[in-house]
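*Asks:* Let me give you the structure first, and then I'll get to my questions.
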Amino acid sequence: MKLSLCLACVLFLFTGLPVFSQGNPLWLRYPAISPDGQTLLFEYKGDIWSVPSAGGNAMPLTLSESYEFAPVWSHDGKWIAFASDRYGNFDVFIMPSTGGEAKRLTYHSTREVPSSFTADDKAVIFSATRQDLASHVQFPAGGMSELYSVPVAGGRV
């Protein structure tokens with residue numbers, strides 16, 4: 001009885017395992033629908049992907065060893081902003097929504113995550129915890145971040 005049970009377990013492990021590993025991708029996070037409703041951005045395994053909202057193949061917009069997440073669309077649909085740890089901590093980057101080279105907009109040592117673009121698409125609004133002192137009750141958790149803006153052309157926050 002024990003031998004047949006062990007044999008059944010071994011057979012299940014070798015034949016049943018591929019069934020579980022061939023499932024649909026999980027952990028598709030931070031969805032962002034384009035202003036025209038035609039395209040969906042999302043984060044998967046640390047990269048930003050784009051897929052038609054009607055369905056189809058997803059295409060990577062970023063592929064790197066760094067971790068990118070939290071994509072947001074400009075109101076005209078031409079740009080996306082996202083957070084990336086390319087330089088050690090999460091900074092705000094901007095790139096064309098069709099893909100291309102990303103431009104770094106923030107350079108602070110705290111975690112900065114984009115929230116939106118301004119109404120005229122001339123700046124990115126992002127959250128960060130820049131003003132909390134070490135003696136603050138929430139330090140270093142950053143549960144109550146502040147909002148900042150930075151021009152899309154780069155410049156002073």
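Lettering and numbering for the structure tokens are positional, with chains as A, B, ... in the shown order, residues counted from 1 in each chain, and ligands counted from 1 in the shown order.
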Can you pull out the residues contacting Trp49 (chain A)? Cut-off 6 Å, using only C-alpha atoms, and skip same-chain residues under 6 positions away; I want them as a PyMOL selection string.

*Replies:* chain A and resi 41-42+59-61

*Asks:* Got time to write the residues from that selection, N, CA and C atoms, as a JSON list (two decimals), in the first residue's frame?

*Replies:*
```json
[["chain", "number", "residue", "atom", "x", "y", "z"],
["A", 41, "LEU", "N", -1.34, 49.86, -19.96],
["A", 41, "LEU", "CA", 0.02, 49.65, -19.45],
["A", 41, "LEU", "C", -0.08, 48.87, -18.16],
["A", 42, "PHE", "N", 0.93, 48.08, -17.87],
["A", 42, "PHE", "CA", 0.99, 47.36, -16.60],
["A", 42, "PHE", "C", 2.43, 47.00, -16.31],
["A", 59, "MET", "N", 3.56, 44.02, -25.36],
["A", 59, "MET", "CA", 4.90, 44.40, -25.80],
["A", 59, "MET", "C", 5.60, 45.13, -24.66],
["A", 60, "PRO", "N", 6.87, 44.79, -24.42],
["A", 60, "PRO", "CA", 7.58, 45.49, -23.33],
["A", 60, "PRO", "C", 8.00, 46.89, -23.76],
["A", 61, "LEU", "N", 7.82, 47.86, -22.87],
["A", 61, "LEU", "CA", 8.32, 49.21, -23.11],
["A", 61, "LEU", "C", 9.67, 49.40, -22.41]]
```

*Asks:* Counting only C-alpha atoms, what is within 9 Å of Leu40 (chain A), bar same-chain residues fewer than 3 positions away, as a list in words?

*Replies:*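 Final neighbour list, sorted by chain and number: Pro31, Ala32, Ile33, Ser34, Gly37, Trp49, Ser50, Val51, Pro52 and Ser53 of chain A.
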
*Asks:* Go ahead and write the selection's residues with C-alpha atoms as a PDB file, in the first residue's frame.

*Replies:*
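What follows is the written file part.pdb:
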```
ATOM      1  CA  PRO A  31      -2.647  48.889 -14.609  1.00  0.00           C
ATOM      2  CA  ALA A  32      -3.070  52.238 -16.379  1.00  0.00           C
ATOM      3  CA  ILE A  33      -5.540  52.741 -19.227  1.00  0.00           C
ATOM      4  CA  SER A  34      -4.659  55.268 -21.948  1.00  0.00           C
ATOM      5  CA  GLY A  37      -9.057  53.774 -23.892  1.00  0.00           C
ATOM      6  CA  TRP A  49       4.355  46.439 -20.727  1.00  0.00           C
ATOM      7  CA  SER A  50       1.772  47.724 -23.209  1.00  0.00           C
ATOM      8  CA  VAL A  51      -1.187  45.791 -24.615  1.00  0.00           C
ATOM      9  CA  PRO A  52      -4.232  46.814 -26.681  1.00  0.00           C
ATOM     10  CA  SER A  53      -7.269  47.088 -24.409  1.00  0.00           C
TER      11      SER A  53
END
```

*Asks:* So the first atom is CA of Lys78 (chain A) and the second is CA of Glu43 (chain A); what is the distance between them in Å, to one decimal place?

*Replies:*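 Answer for the CA of Lys78 (chain A) to CA of Glu43 (chain A) separation: 18.6 Å.
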
*Asks:* Which residue gives the smallest distance to Gly56 (chain A) among A:Pro151, A:Thr39, A:Tyr44, A:Asn24, with only C-alpha atoms counted?

*Replies:*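 Among the listed residues, the smallest separation from Gly56 (chain A) belongs to A:Thr39.
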
*Asks:* Provide the CA of Val92 (chain A) to CA of Gly55 (chain A) distance in Å, to one decimal place.

*Replies:*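 If I compute the distance from CA of Val92 (chain A) to CA of Gly55 (chain A), I get 28.5 Å.
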
*Asks:* Select, from A:Arg111, A:Arg29, A:His75, A:Lys103, the residue with the minimum atom-to-atom distance to Ala128 (chain A), counting only C-alpha atoms.

*Replies:*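 Answer, going by the shortest atom-to-atom distance: A:Arg111.
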
*Asks:* Quick one: residues within 8 Å of Thr106 (chain A), only C-alpha atoms, excluding same-chain residues fewer than 2 positions away - as a list in words?

*Replies:*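 Close residues of Thr106 (chain A): Asp91, Val92, Phe93, Arg104, His108, Glu112, Val150 and Val157 of chain A.
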
*Asks:* Give me the residues near Thr118 (chain A) as a list in words, where near means some atom within 9 Å (using only C-alpha atoms) and where sequence neighbours in that chain fewer than 5 positions away do not count.

*Replies:*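 Once the adjacent positions are removed, what remains is Ser74, His75, Ala123, Val124, Ile125 and Ser149 of chain A.
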
*Asks:* If we count only C-alpha atoms, what is near Phe126 (chain A) at a cut-off of 7 Å, once residues fewer than 3 positions away on the same chain are taken out, given as number ranges by chain?

*Replies:* A: 112-116, 147-149
